[in-house]
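K.L.:
My file is data.csv. It has CSV, C-alpha atoms and all ligand atoms:
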```
chain,number,residue,atom,x,y,z
A,1,MET,CA,41.6,29.6,6.8
A,2,SER,CA,43.7,30.1,9.9
A,3,SER,CA,43.6,27.6,12.6
A,4,ILE,CA,42.6,28.2,16.2
A,5,GLU,CA,44.4,26.6,19.2
A,6,VAL,CA,42.0,25.2,21.7
A,7,LYS,CA,42.3,23.3,25.0
A,8,VAL,CA,40.4,20.2,25.9
A,9,VAL,CA,38.5,21.5,29.0
A,10,GLN,CA,36.5,18.3,29.5
A,11,LYS,CA,36.5,14.8,28.0
A,12,ILE,CA,33.3,13.1,28.9
A,13,ARG,CA,32.1,9.6,28.2
A,14,GLU,CA,28.7,10.3,26.6
A,15,ALA,CA,27.6,6.8,25.6
A,16,GLU,CA,29.2,3.5,24.7
A,17,ASP,CA,32.2,4.2,22.3
A,18,ILE,CA,31.3,7.9,22.3
A,19,PHE,CA,33.3,10.7,24.0
A,20,CYS,CA,32.3,14.4,24.1
A,21,PHE,CA,35.1,16.9,24.0
A,22,GLU,CA,34.6,20.4,25.4
A,23,LEU,CA,37.0,22.8,23.7
A,24,ALA,CA,37.9,26.4,24.8
A,25,SER,CA,40.4,28.8,23.3
A,26,THR,CA,43.8,28.8,24.9
A,27,ASP,CA,43.8,32.6,25.2
A,28,GLY,CA,40.5,32.7,27.0
A,29,LYS,CA,38.8,34.7,24.2
A,30,SER,CA,35.4,33.8,22.6
A,31,LEU,CA,35.5,31.4,19.8
A,32,PRO,CA,34.0,32.4,16.4
A,33,PRO,CA,30.2,32.2,16.2
A,34,PHE,CA,28.5,29.4,14.4
A,35,SER,CA,25.0,28.3,13.4
A,36,ALA,CA,23.2,25.0,13.8
A,37,GLY,CA,24.6,22.4,11.4
A,38,ALA,CA,28.2,23.8,11.4
A,39,HIS,CA,31.3,21.7,11.8
A,40,ILE,CA,35.0,22.2,12.5
A,41,ASP,CA,38.1,20.5,11.2
A,42,VAL,CA,40.1,19.0,14.0
A,43,HIS,CA,43.8,18.5,13.3
A,44,VAL,CA,44.2,15.4,15.3
A,45,ASN,CA,47.9,15.3,14.5
A,46,ASP,CA,50.3,16.4,11.7
A,47,SER,CA,48.8,14.0,9.1
A,48,VAL,CA,45.2,13.5,10.3
A,49,THR,CA,42.3,16.0,10.1
A,50,ARG,CA,38.7,15.1,10.7
A,51,GLN,CA,35.4,17.0,10.6
A,52,TYR,CA,33.1,17.1,13.7
A,53,SER,CA,29.8,18.9,14.0
A,54,LEU,CA,29.4,21.3,16.8
A,55,CYS,CA,26.7,20.2,19.2
A,56,ASN,CA,26.6,22.9,21.8
A,57,ASP,CA,24.2,25.7,22.1
A,58,ALA,CA,25.2,28.1,19.3
A,59,SER,CA,24.7,31.2,21.4
A,60,LEU,CA,27.5,30.0,23.8
A,61,THR,CA,30.8,30.9,22.1
A,62,HIS,CA,33.1,30.4,25.1
A,63,HIS,CA,33.4,26.8,24.2
A,64,TYR,CA,32.7,24.2,21.4
A,65,LEU,CA,31.4,20.7,22.0
A,66,ILE,CA,32.0,17.8,19.7
A,67,GLY,CA,30.9,14.2,20.0
A,68,VAL,CA,33.3,11.5,18.7
A,69,LEU,CA,32.3,7.9,18.0
A,70,ARG,CA,35.1,5.4,18.0
A,71,ASP,CA,35.1,4.1,14.5
A,72,PRO,CA,36.2,0.5,14.4
A,73,GLY,CA,37.8,1.2,11.0
A,74,SER,CA,39.5,4.3,12.3
A,75,ARG,CA,42.5,5.4,10.3
A,76,GLY,CA,43.8,7.5,13.1
A,77,GLY,CA,41.0,10.1,13.7
A,78,SER,CA,38.5,8.9,16.2
A,79,SER,CA,40.8,6.3,17.8
A,80,ALA,CA,43.5,8.9,18.4
A,81,LEU,CA,41.0,11.3,20.0
A,82,HIS,CA,39.6,8.5,22.2
A,83,ASP,CA,42.9,7.0,23.2
A,84,LYS,CA,45.5,9.8,23.1
A,85,VAL,CA,43.8,13.1,23.7
A,86,ALA,CA,43.2,14.0,27.4
A,87,GLU,CA,41.8,16.9,29.4
A,88,GLY,CA,44.3,19.8,29.3
A,89,ASP,CA,45.8,18.9,25.9
A,90,THR,CA,45.7,21.4,23.1
A,91,LEU,CA,44.4,20.8,19.6
A,92,LYS,CA,44.3,22.9,16.4
A,93,ILE,CA,40.9,23.4,14.9
A,94,SER,CA,39.5,25.4,12.0
A,95,GLU,CA,36.9,28.1,12.2
A,96,PRO,CA,33.3,26.7,12.0
A,97,LYS,CA,32.0,26.0,8.4
A,98,ASN,CA,28.4,25.2,7.6
A,99,HIS,CA,27.5,23.1,4.6
A,100,PHE,CA,24.4,21.9,6.3
A,101,PRO,CA,22.5,25.1,7.3
A,102,LEU,CA,18.9,25.2,8.4
A,103,VAL,CA,16.5,27.0,6.0
A,104,THR,CA,13.3,28.7,6.9
A,105,ALA,CA,10.5,26.2,6.5
A,106,ARG,CA,6.9,25.7,7.7
A,107,LYS,CA,7.9,22.3,9.2
A,108,THR,CA,11.2,20.5,9.7
A,109,LEU,CA,11.8,16.8,9.9
A,110,LEU,CA,15.1,15.9,11.5
A,111,PHE,CA,16.6,12.4,11.2
A,112,ALA,CA,19.8,11.4,13.1
A,113,GLY,CA,21.5,8.0,12.8
A,114,GLY,CA,24.0,7.3,15.6
A,115,ILE,CA,26.6,10.0,16.1
A,116,GLY,CA,24.9,11.9,13.3
A,117,VAL,CA,22.8,13.3,16.1
A,118,THR,CA,25.4,16.1,16.8
A,119,PRO,CA,24.3,18.6,14.2
A,120,ILE,CA,20.7,17.4,14.3
A,121,LEU,CA,20.5,18.1,18.1
A,122,CYS,CA,21.9,21.5,17.5
A,123,MET,CA,19.2,22.1,14.9
A,124,ALA,CA,16.5,20.8,17.2
A,125,GLU,CA,17.6,23.2,19.9
A,126,ARG,CA,17.6,26.1,17.5
A,127,LEU,CA,14.2,25.3,16.1
A,128,ALA,CA,12.8,24.9,19.7
A,129,LEU,CA,14.3,28.3,20.5
A,130,ILE,CA,12.5,30.1,17.7
A,131,SER,CA,9.3,28.1,18.3
A,132,ALA,CA,9.4,26.4,14.9
A,133,ASP,CA,7.4,23.3,14.1
A,134,PHE,CA,9.7,20.3,13.9
A,135,GLU,CA,10.0,16.7,14.9
A,136,MET,CA,13.2,14.6,15.4
A,137,HIS,CA,13.8,10.9,14.8
A,138,TYR,CA,16.9,9.5,16.4
A,139,CYS,CA,18.0,6.0,15.5
A,140,THR,CA,20.7,4.1,17.4
A,141,ARG,CA,21.7,0.5,17.9
A,142,SER,CA,20.7,0.5,21.6
A,143,ILE,CA,20.0,2.8,24.5
A,144,GLU,CA,23.6,2.3,25.7
A,145,ARG,CA,24.9,3.7,22.4
A,146,THR,CA,22.6,6.7,22.4
A,147,ALA,CA,24.5,10.0,23.0
A,148,PHE,CA,22.8,13.0,24.7
A,149,LEU,CA,19.9,11.0,26.0
A,150,LYS,CA,19.7,13.0,29.3
A,151,ARG,CA,20.1,16.3,27.5
A,152,ILE,CA,17.2,15.5,25.1
A,153,LYS,CA,15.0,14.0,27.8
A,154,SER,CA,15.3,17.1,30.0
A,155,SER,CA,14.9,19.5,27.1
A,156,SER,CA,11.8,21.6,26.4
A,157,PHE,CA,11.3,19.7,23.1
A,158,SER,CA,11.6,16.1,24.5
A,159,ASP,CA,8.0,15.3,23.4
A,160,ARG,CA,9.0,16.0,19.8
A,161,VAL,CA,12.0,13.5,19.8
A,162,HIS,CA,11.3,9.9,18.8
A,163,PHE,CA,13.9,7.4,19.7
A,164,HIS,CA,14.3,4.2,17.6
A,165,PHE,CA,16.6,1.5,18.9
A,166,ASP,CA,17.7,-1.4,16.7
A,167,THR,CA,17.4,-3.6,19.8
A,168,GLY,CA,13.9,-2.4,20.6
A,169,ASP,CA,10.6,-4.0,19.6
A,170,ASP,CA,9.0,-3.3,16.2
A,171,THR,CA,6.5,-0.8,17.6
A,172,GLN,CA,9.2,1.8,18.2
A,173,LYS,CA,11.1,1.3,14.9
A,174,LEU,CA,11.3,4.2,12.4
A,175,GLN,CA,8.3,4.0,10.0
A,176,LEU,CA,10.0,6.1,7.4
A,177,GLN,CA,7.6,5.3,4.5
A,178,ALA,CA,4.6,6.4,6.5
A,179,LEU,CA,6.3,9.5,7.7
A,180,LEU,CA,7.4,10.6,4.3
A,181,ARG,CA,4.3,9.4,2.4
A,182,THR,CA,3.1,12.8,1.5
A,183,PRO,CA,5.7,15.3,0.2
A,184,GLU,CA,5.0,18.8,1.6
A,185,PRO,CA,6.5,21.7,-0.4
A,186,ASP,CA,7.1,23.7,2.8
A,187,THR,CA,8.6,20.9,4.8
A,188,HIS,CA,12.3,20.3,4.8
A,189,ILE,CA,14.1,17.1,5.8
A,190,TYR,CA,17.6,17.0,7.4
A,191,VAL,CA,19.5,13.8,7.8
A,192,CYS,CA,22.9,13.1,9.3
A,193,GLY,CA,24.5,9.7,10.1
A,194,PRO,CA,26.4,6.9,8.5
A,195,GLY,CA,26.2,6.6,4.7
A,196,GLY,CA,23.7,3.7,4.7
A,197,PHE,CA,21.3,5.6,7.0
A,198,ILE,CA,21.5,8.6,4.8
A,199,GLU,CA,20.9,6.6,1.7
A,200,TYR,CA,17.9,5.0,3.3
A,201,VAL,CA,16.3,8.4,4.3
A,202,VAL,CA,17.3,10.2,1.1
A,203,GLY,CA,16.3,7.2,-1.1
A,204,THR,CA,12.9,6.9,0.6
A,205,ALA,CA,12.3,10.7,0.2
A,206,LYS,CA,13.2,10.4,-3.5
A,207,ALA,CA,10.9,7.4,-4.0
A,208,MET,CA,8.1,9.4,-2.4
A,209,HIS,CA,8.8,12.3,-4.8
A,210,TRP,CA,10.1,14.8,-2.3
A,211,ALA,CA,11.8,17.8,-4.0
A,212,GLU,CA,15.6,17.3,-4.0
A,213,GLU,CA,16.1,20.9,-2.6
A,214,ASN,CA,13.9,20.0,0.4
A,215,VAL,CA,16.2,17.2,1.5
A,216,HIS,CA,19.5,18.1,3.2
A,217,LEU,CA,22.2,15.7,4.2
A,218,GLU,CA,25.5,15.6,6.1
A,219,CYS,CA,27.5,12.4,6.1
A,220,PHE,CA,30.3,11.5,8.4
A,221,GLY,CA,31.6,8.5,6.5
A,222,ALA,CA,31.1,7.5,2.9
A,223,ALA,CA,28.9,4.5,2.2
A,224,PRO,CA,31.0,1.4,1.6
A,225,VAL,CA,31.8,1.1,-2.1
A,226,ASP,CA,32.5,-2.1,-3.9
A,227,THR,CA,36.0,-1.7,-5.2
A,228,LEU,CA,36.4,-5.3,-6.6
A,229,GLY,CA,36.0,-4.3,-10.2
A,230,ASP,CA,38.2,-1.2,-10.1
A,231,GLN,CA,40.4,-0.8,-13.1
A,232,ALA,CA,43.5,1.3,-13.8
A,233,PHE,CA,43.0,4.6,-15.6
A,234,ARG,CA,45.1,7.5,-16.8
A,235,ILE,CA,45.0,11.1,-15.6
A,236,GLN,CA,46.5,14.0,-17.5
A,237,VAL,CA,47.5,17.2,-15.8
A,238,ALA,CA,46.3,19.9,-18.2
A,239,SER,CA,49.0,22.5,-17.3
A,240,THR,CA,52.0,20.3,-18.0
A,241,GLY,CA,50.4,17.6,-20.3
A,242,ASP,CA,51.9,14.9,-18.1
A,243,TYR,CA,50.1,11.6,-17.8
A,244,TYR,CA,50.0,9.3,-14.8
A,245,THR,CA,48.4,5.9,-14.3
A,246,VAL,CA,46.1,5.4,-11.3
A,247,PRO,CA,46.2,1.6,-10.4
A,248,PRO,CA,43.2,0.0,-8.8
A,249,SER,CA,44.9,0.1,-5.4
A,250,ARG,CA,45.7,3.9,-5.4
A,251,THR,CA,43.7,7.1,-5.4
A,252,VAL,CA,44.2,10.0,-7.8
A,253,VAL,CA,45.3,12.1,-4.8
A,254,GLN,CA,48.0,9.5,-3.9
A,255,VAL,CA,49.3,9.2,-7.4
A,256,LEU,CA,49.5,12.9,-7.8
A,257,GLU,CA,51.3,13.3,-4.5
A,258,GLU,CA,53.8,10.6,-5.5
A,259,ASN,CA,54.5,12.8,-8.5
A,260,GLY,CA,55.0,16.0,-6.5
A,261,ILE,CA,51.5,17.4,-7.0
A,262,ASP,CA,49.7,18.1,-3.8
A,263,ILE,CA,45.9,18.3,-3.6
A,264,PRO,CA,44.6,19.6,-0.3
A,265,VAL,CA,42.7,16.9,1.5
A,266,SER,CA,40.8,16.6,4.7
A,267,CYS,CA,38.3,13.7,5.1
A,268,GLU,CA,39.7,11.5,2.3
A,269,GLN,CA,36.3,9.9,2.0
A,270,GLY,CA,34.4,12.2,-0.4
A,271,VAL,CA,32.5,13.9,2.5
A,272,CYS,CA,34.1,17.3,3.0
A,273,GLY,CA,34.7,18.7,-0.5
A,274,THR,CA,38.2,19.9,0.3
A,275,CYS,CA,39.9,18.1,-2.6
A,276,ILE,CA,37.4,19.1,-5.4
A,277,THR,CA,39.2,19.3,-8.7
A,278,ARG,CA,37.8,20.4,-12.1
A,279,VAL,CA,37.6,17.8,-14.8
A,280,LEU,CA,38.2,19.1,-18.3
A,281,CYS,CA,37.7,15.9,-20.2
A,282,GLY,CA,36.6,12.3,-19.5
A,283,THR,CA,33.8,11.0,-17.1
A,284,PRO,CA,34.5,10.6,-13.4
A,285,ASP,CA,33.2,7.7,-11.4
A,286,HIS,CA,31.8,9.8,-8.5
A,287,ARG,CA,32.1,8.1,-5.1
A,288,ASP,CA,31.6,11.1,-2.9
A,289,MET,CA,28.7,12.0,-0.6
A,290,TYR,CA,29.3,15.7,-1.2
A,291,PHE,CA,27.8,16.7,-4.6
A,292,THR,CA,24.1,16.7,-5.4
A,293,ASP,CA,22.9,14.4,-8.2
A,294,GLU,CA,22.7,17.4,-10.5
A,295,GLU,CA,26.3,18.4,-9.8
A,296,ARG,CA,27.5,14.9,-10.4
A,297,ASP,CA,25.7,14.7,-13.7
A,298,LYS,CA,27.7,17.6,-15.0
A,299,ASN,CA,30.9,15.6,-14.7
A,300,ASP,CA,33.0,18.8,-14.7
A,301,GLN,CA,34.4,18.3,-11.2
A,302,PHE,CA,35.1,15.4,-8.8
A,303,THR,CA,36.7,14.4,-5.5
A,304,PRO,CA,40.0,12.8,-6.3
A,305,CYS,CA,40.5,11.5,-2.8
A,306,CYS,CA,38.0,8.7,-3.5
A,307,SER,CA,36.4,9.1,-7.0
A,308,ARG,CA,37.8,7.3,-10.0
A,309,ALA,CA,37.1,7.3,-13.8
A,310,LYS,CA,34.4,5.7,-16.0
A,311,THR,CA,36.5,6.6,-19.1
A,312,ALA,CA,40.1,5.4,-19.8
A,313,GLU,CA,41.4,8.9,-19.1
A,314,LEU,CA,40.5,12.1,-17.2
A,315,VAL,CA,42.1,15.5,-17.9
A,316,LEU,CA,42.3,17.5,-14.8
A,317,ASP,CA,42.4,21.3,-14.5
A,318,LEU,CA,45.7,21.3,-12.5
A,401,LIG,S1,39.2,15.2,1.0
A,401,LIG,FE1,37.2,15.4,1.7
A,401,LIG,S2,36.1,15.1,-0.2
A,401,LIG,FE2,38.1,14.6,-0.7
```
Please go through the file and, once you have read it, give me the structure as structure tokens.
Ligand code: FES

P.N.:
Amino acid sequence: MSSIEVKVVQKIREAEDIFCFELASTDGKSLPPFSAGAHIDVHVNDSVTRQYSLCNDASLTHHYLIGVLRDPGSRGGSSALHDKVAEGDTLKISEPKNHFPLVTARKTLLFAGGIGVTPILCMAERLALISADFEMHYCTRSIERTAFLKRIKSSSFSDRVHFHFDTGDDTQKLQLQALLRTPEPDTHIYVCGPGGFIEYVVGTAKAMHWAEENVHLECFGAAPVDTLGDQAFRIQVASTGDYYTVPPSRTVVQVLEENGIDIPVSCEQGVCGTCITRVLCGTPDHRDMYFTDEERDKNDQFTPCCSRAKTAELVLDL
């Protein structure tokens, strides 16, 4: 997919540790259209690409808006955007992609955790525009860390948005079990946020017997994985028959790269699906947030940027 050069028209402090970047094409032309839930790849520099959801009104294509949280564990994505990118700078981005589209439903329940509000807010605006039935729950650590507060409070759907602050009293906390107690076949759930938040919402929905196809998720960072027990394993490249050992401290992508085999990567956290590789033999230890349970159970593909092996060997379709 070809990249688009954009200019940072505005960089606005949206909340504590969160900046919003307004991007416009450098040639003054419209940007490609997108739908609620879409994201773009932002090429922060030559070696770092990150995904950010678009959070502006999808009918306005003269600009894109992304919200960027400074990640304390940043490996060069959010910290570079916060510290090094200024108004007037140019960036390369991809065309919008949507792995998190809205489907038509009788009712929609939207759950946002922290900066996961970006696609969720876009969805709320879209649903309000088409007069659909929805409610939105927005969980953040504190009011100071709540992006788009003014925009939501001044919207036509503000009465359908429930804020839940970790620092607030118990009466305003998210009562997820009560909310999801009765699965509705025509109601769809959308959740975006940190891995732990997604697991909480998706896990509760599952425990309450919601149908898997009614629960949609988008994750910005993989849930922390316990890597203490990681073992070395071997991979075989099917086309050449060559074997390589993946030690506990390296990923499959890194080992292949060291041996001259490049796998395209983007998030490197099992979130985006860019690196998906077919597995011909052996059982992957899936550590991504990309596949559905059903896809994982097939064990015929994996994300080599973060996933490992449950068997001593994996044969890869490379
Ligand atoms: S690079 Fe994003 S899932 Fe592997």

K.L.:
Could you report the residues within 7 Å of ligand LIG 401 (chain A), using only C-alpha atoms and all ligand atoms, as a ChimeraX atom specification?

P.N.:
/A:265-276,288,290,303-306

K.L.:
I need every residue sitting at most 6 Å from the point (34.1, 15.8, 24.1) (coordinates as in the file, only C-alpha atoms considered), written as a PDB file with C-alpha atoms, keeping the file's coordinate frame.

P.N.:
```pdb
ATOM      1  CA  LYS A  11      36.500  14.800  28.000  1.00  0.00           C
ATOM      2  CA  ILE A  12      33.300  13.100  28.900  1.00  0.00           C
ATOM      3  CA  PHE A  19      33.300  10.700  24.000  1.00  0.00           C
ATOM      4  CA  CYS A  20      32.300  14.400  24.100  1.00  0.00           C
ATOM      5  CA  PHE A  21      35.100  16.900  24.000  1.00  0.00           C
ATOM      6  CA  GLU A  22      34.600  20.400  25.400  1.00  0.00           C
ATOM      7  CA  LEU A  65      31.400  20.700  22.000  1.00  0.00           C
ATOM      8  CA  ILE A  66      32.000  17.800  19.700  1.00  0.00           C
ATOM      9  CA  GLY A  67      30.900  14.200  20.000  1.00  0.00           C
TER      10      GLY A  67
END
```

K.L.:
Write out as a list in words which residues come within 8 Å of Met123 (chain A) when counting only C-alpha atoms, dropping same-chain ones fewer than 3 positions away.

P.N.:
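Result of the neighbour search: Ala36, Gly37, Leu102, Pro119, Ile120, Arg126 and Leu127 of chain A.
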
K.L.:
For each of A:Val315, A:Ile235, A:Leu176, A:Ala112, take the minimum atom-to-atom distance to Leu256 (chain A), counting only C-alpha atoms, then give the residue where this is smallest.

P.N.:
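Once distances to Leu256 (chain A) are computed over only C-alpha atoms, the minimum belongs to A:Ile235.
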
K.L.:
Ranking A:Glu184, A:Asp159, A:Asp89, A:Asp170 by minimum distance to Asn214 (chain A) and counting only C-alpha atoms, which one comes first?

P.N.:
A:Glu184

K.L.:
Looking at all atoms listed in the file, which of A:His137, A:Lys153, A:Lys7, A:Arg50 is the one that sits closest to Glu87 (chain A)?

P.N.:
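When distances to Glu87 (chain A) are compared using all atoms listed in the file, the smallest one comes from A:Lys7.
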
K.L.:
Please indicate the distance in Å from CA of Leu280 (chain A) to CA of Thr311 (chain A), rounded to one decimal place.

P.N.:
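These atoms are spaced 12.6 Å apart.
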
K.L.:
Could you please determine the separation between CA of Leu174 (chain A) and CA of Ser78 (chain A) in Å, to one decimal place?

P.N.:
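A separation of 27.9 Å between them.
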
K.L.:
What is the CA of Ser155 (chain A) to CA of Ala205 (chain A) distance in Å?

P.N.:
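CA of Ala205 (chain A) lies 28.4 Å from CA of Ser155 (chain A).
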
K.L.:
Considering all atoms listed in the file, can you say which of A:Ser79, A:Asn259, A:Asn56, A:Gln177 comes closest to Gly203 (chain A)?

P.N.:
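Ranked by minimum distance to Gly203 (chain A), first place goes to A:Gln177.
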
K.L.:
Can you tell me, as a ChimeraX atom specification, which residues sit within 7 Å of (39.1, 9.0, 24.2) in the file's frame, using all atoms listed in the file?

P.N.:
/A:19,81-85

K.L.:
Please provide as a compact mmCIF listing (two decimals) with C-alpha atoms, keeping the file's coordinate frame all residues within 7 Å of Asn98 (chain A), with the sequence filter that same-chain residues fewer than 3 positions apart are discarded (counting all atoms listed in the file).

P.N.:
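Full text of part.txt as output:
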```
# COMPACT_ATOMS: atom_id res chain seq x y z
CA GLY A 37 24.60 22.40 11.40
CA ALA A 38 28.20 23.80 11.40
CA HIS A 39 31.30 21.70 11.80
CA PRO A 101 22.50 25.10 7.30
```

K.L.:
Which residue gives the smallest distance to Pro33 (chain A) among A:Ser156, A:Glu16, A:Tyr64, A:Val8, with only C-alpha atoms counted?

P.N.:
A:Tyr64

K.L.:
Where atoms are absent from region 96-105 of chain A, fill them in so it carries all heavy atoms, then output it as a PDB file, in the coordinates of the input.

P.N.:
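Saved as rebuild_2.pdb:
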```pdb
ATOM      1  N   PRO A  96      34.518  27.469  12.370  1.00  0.00           N
ATOM      2  CA  PRO A  96      33.300  26.700  12.000  1.00  0.00           C
ATOM      3  C   PRO A  96      32.978  26.959  10.496  1.00  0.00           C
ATOM      4  O   PRO A  96      33.126  28.068   9.993  1.00  0.00           O
ATOM      5  CB  PRO A  96      32.238  27.194  12.884  1.00  0.00           C
ATOM      6  CG  PRO A  96      32.934  27.842  14.010  1.00  0.00           C
ATOM      7  CD  PRO A  96      34.217  28.391  13.472  1.00  0.00           C
ATOM      8  N   LYS A  97      32.527  25.899   9.822  1.00  0.00           N
ATOM      9  CA  LYS A  97      32.000  26.000   8.400  1.00  0.00           C
ATOM     10  C   LYS A  97      30.647  25.365   8.468  1.00  0.00           C
ATOM     11  O   LYS A  97      30.426  24.420   9.213  1.00  0.00           O
ATOM     12  CB  LYS A  97      32.885  25.240   7.462  1.00  0.00           C
ATOM     13  CG  LYS A  97      34.355  25.526   7.543  1.00  0.00           C
ATOM     14  CD  LYS A  97      35.129  24.522   6.699  1.00  0.00           C
ATOM     15  CE  LYS A  97      36.498  24.316   7.287  1.00  0.00           C
ATOM     16  NZ  LYS A  97      37.353  23.421   6.546  1.00  0.00           N
ATOM     17  N   ASN A  98      29.764  25.847   7.631  1.00  0.00           N
ATOM     18  CA  ASN A  98      28.400  25.200   7.600  1.00  0.00           C
ATOM     19  C   ASN A  98      27.998  24.871   6.211  1.00  0.00           C
ATOM     20  O   ASN A  98      27.629  25.728   5.420  1.00  0.00           O
ATOM     21  CB  ASN A  98      27.396  26.170   8.281  1.00  0.00           C
ATOM     22  CG  ASN A  98      26.174  25.400   8.735  1.00  0.00           C
ATOM     23  OD1 ASN A  98      25.947  24.285   8.265  1.00  0.00           O
ATOM     24  ND2 ASN A  98      25.402  25.952   9.644  1.00  0.00           N
ATOM     25  N   HIS A  99      28.063  23.569   5.897  1.00  0.00           N
ATOM     26  CA  HIS A  99      27.500  23.100   4.600  1.00  0.00           C
ATOM     27  C   HIS A  99      26.155  22.474   4.791  1.00  0.00           C
ATOM     28  O   HIS A  99      25.638  21.829   3.899  1.00  0.00           O
ATOM     29  CB  HIS A  99      28.460  21.950   4.068  1.00  0.00           C
ATOM     30  CG  HIS A  99      29.850  22.385   3.804  1.00  0.00           C
ATOM     31  ND1 HIS A  99      30.933  21.555   3.955  1.00  0.00           N
ATOM     32  CD2 HIS A  99      30.353  23.580   3.411  1.00  0.00           C
ATOM     33  CE1 HIS A  99      32.032  22.222   3.665  1.00  0.00           C
ATOM     34  NE2 HIS A  99      31.702  23.445   3.331  1.00  0.00           N
ATOM     35  N   PHE A 100      25.616  22.626   5.996  1.00  0.00           N
ATOM     36  CA  PHE A 100      24.400  21.900   6.300  1.00  0.00           C
ATOM     37  C   PHE A 100      23.456  22.887   7.105  1.00  0.00           C
ATOM     38  O   PHE A 100      22.972  22.577   8.190  1.00  0.00           O
ATOM     39  CB  PHE A 100      24.804  20.746   7.233  1.00  0.00           C
ATOM     40  CG  PHE A 100      23.761  19.707   7.527  1.00  0.00           C
ATOM     41  CD1 PHE A 100      22.910  19.221   6.557  1.00  0.00           C
ATOM     42  CD2 PHE A 100      23.667  19.176   8.814  1.00  0.00           C
ATOM     43  CE1 PHE A 100      21.985  18.233   6.849  1.00  0.00           C
ATOM     44  CE2 PHE A 100      22.748  18.194   9.115  1.00  0.00           C
ATOM     45  CZ  PHE A 100      21.902  17.722   8.137  1.00  0.00           C
ATOM     46  N   PRO A 101      23.260  24.093   6.535  1.00  0.00           N
ATOM     47  CA  PRO A 101      22.500  25.100   7.300  1.00  0.00           C
ATOM     48  C   PRO A 101      20.996  24.840   7.277  1.00  0.00           C
ATOM     49  O   PRO A 101      20.478  24.254   6.326  1.00  0.00           O
ATOM     50  CB  PRO A 101      22.831  26.400   6.556  1.00  0.00           C
ATOM     51  CG  PRO A 101      23.103  25.973   5.157  1.00  0.00           C
ATOM     52  CD  PRO A 101      23.677  24.577   5.212  1.00  0.00           C
ATOM     53  N   LEU A 102      20.328  25.280   8.311  1.00  0.00           N
ATOM     54  CA  LEU A 102      18.900  25.200   8.400  1.00  0.00           C
ATOM     55  C   LEU A 102      18.308  26.308   7.446  1.00  0.00           C
ATOM     56  O   LEU A 102      18.837  27.415   7.405  1.00  0.00           O
ATOM     57  CB  LEU A 102      18.390  25.539   9.784  1.00  0.00           C
ATOM     58  CG  LEU A 102      18.306  24.409  10.797  1.00  0.00           C
ATOM     59  CD1 LEU A 102      18.023  24.987  12.179  1.00  0.00           C
ATOM     60  CD2 LEU A 102      17.237  23.390  10.420  1.00  0.00           C
ATOM     61  N   VAL A 103      17.235  25.983   6.725  1.00  0.00           N
ATOM     62  CA  VAL A 103      16.500  27.000   6.000  1.00  0.00           C
ATOM     63  C   VAL A 103      15.187  27.245   6.625  1.00  0.00           C
ATOM     64  O   VAL A 103      14.707  26.388   7.360  1.00  0.00           O
ATOM     65  CB  VAL A 103      16.366  26.634   4.471  1.00  0.00           C
ATOM     66  CG1 VAL A 103      17.684  26.436   3.782  1.00  0.00           C
ATOM     67  CG2 VAL A 103      15.503  25.392   4.321  1.00  0.00           C
ATOM     68  N   THR A 104      14.611  28.374   6.348  1.00  0.00           N
ATOM     69  CA  THR A 104      13.300  28.700   6.900  1.00  0.00           C
ATOM     70  C   THR A 104      12.257  27.749   6.271  1.00  0.00           C
ATOM     71  O   THR A 104      12.196  27.660   5.046  1.00  0.00           O
ATOM     72  CB  THR A 104      12.925  30.131   6.685  1.00  0.00           C
ATOM     73  OG1 THR A 104      14.018  30.918   7.151  1.00  0.00           O
ATOM     74  CG2 THR A 104      11.667  30.522   7.436  1.00  0.00           C
ATOM     75  N   ALA A 105      11.486  27.068   7.086  1.00  0.00           N
ATOM     76  CA  ALA A 105      10.500  26.200   6.500  1.00  0.00           C
ATOM     77  C   ALA A 105       9.259  26.167   7.451  1.00  0.00           C
ATOM     78  O   ALA A 105       9.358  26.490   8.638  1.00  0.00           O
ATOM     79  CB  ALA A 105      11.052  24.736   6.467  1.00  0.00           C
TER      80      ALA A 105
END
```
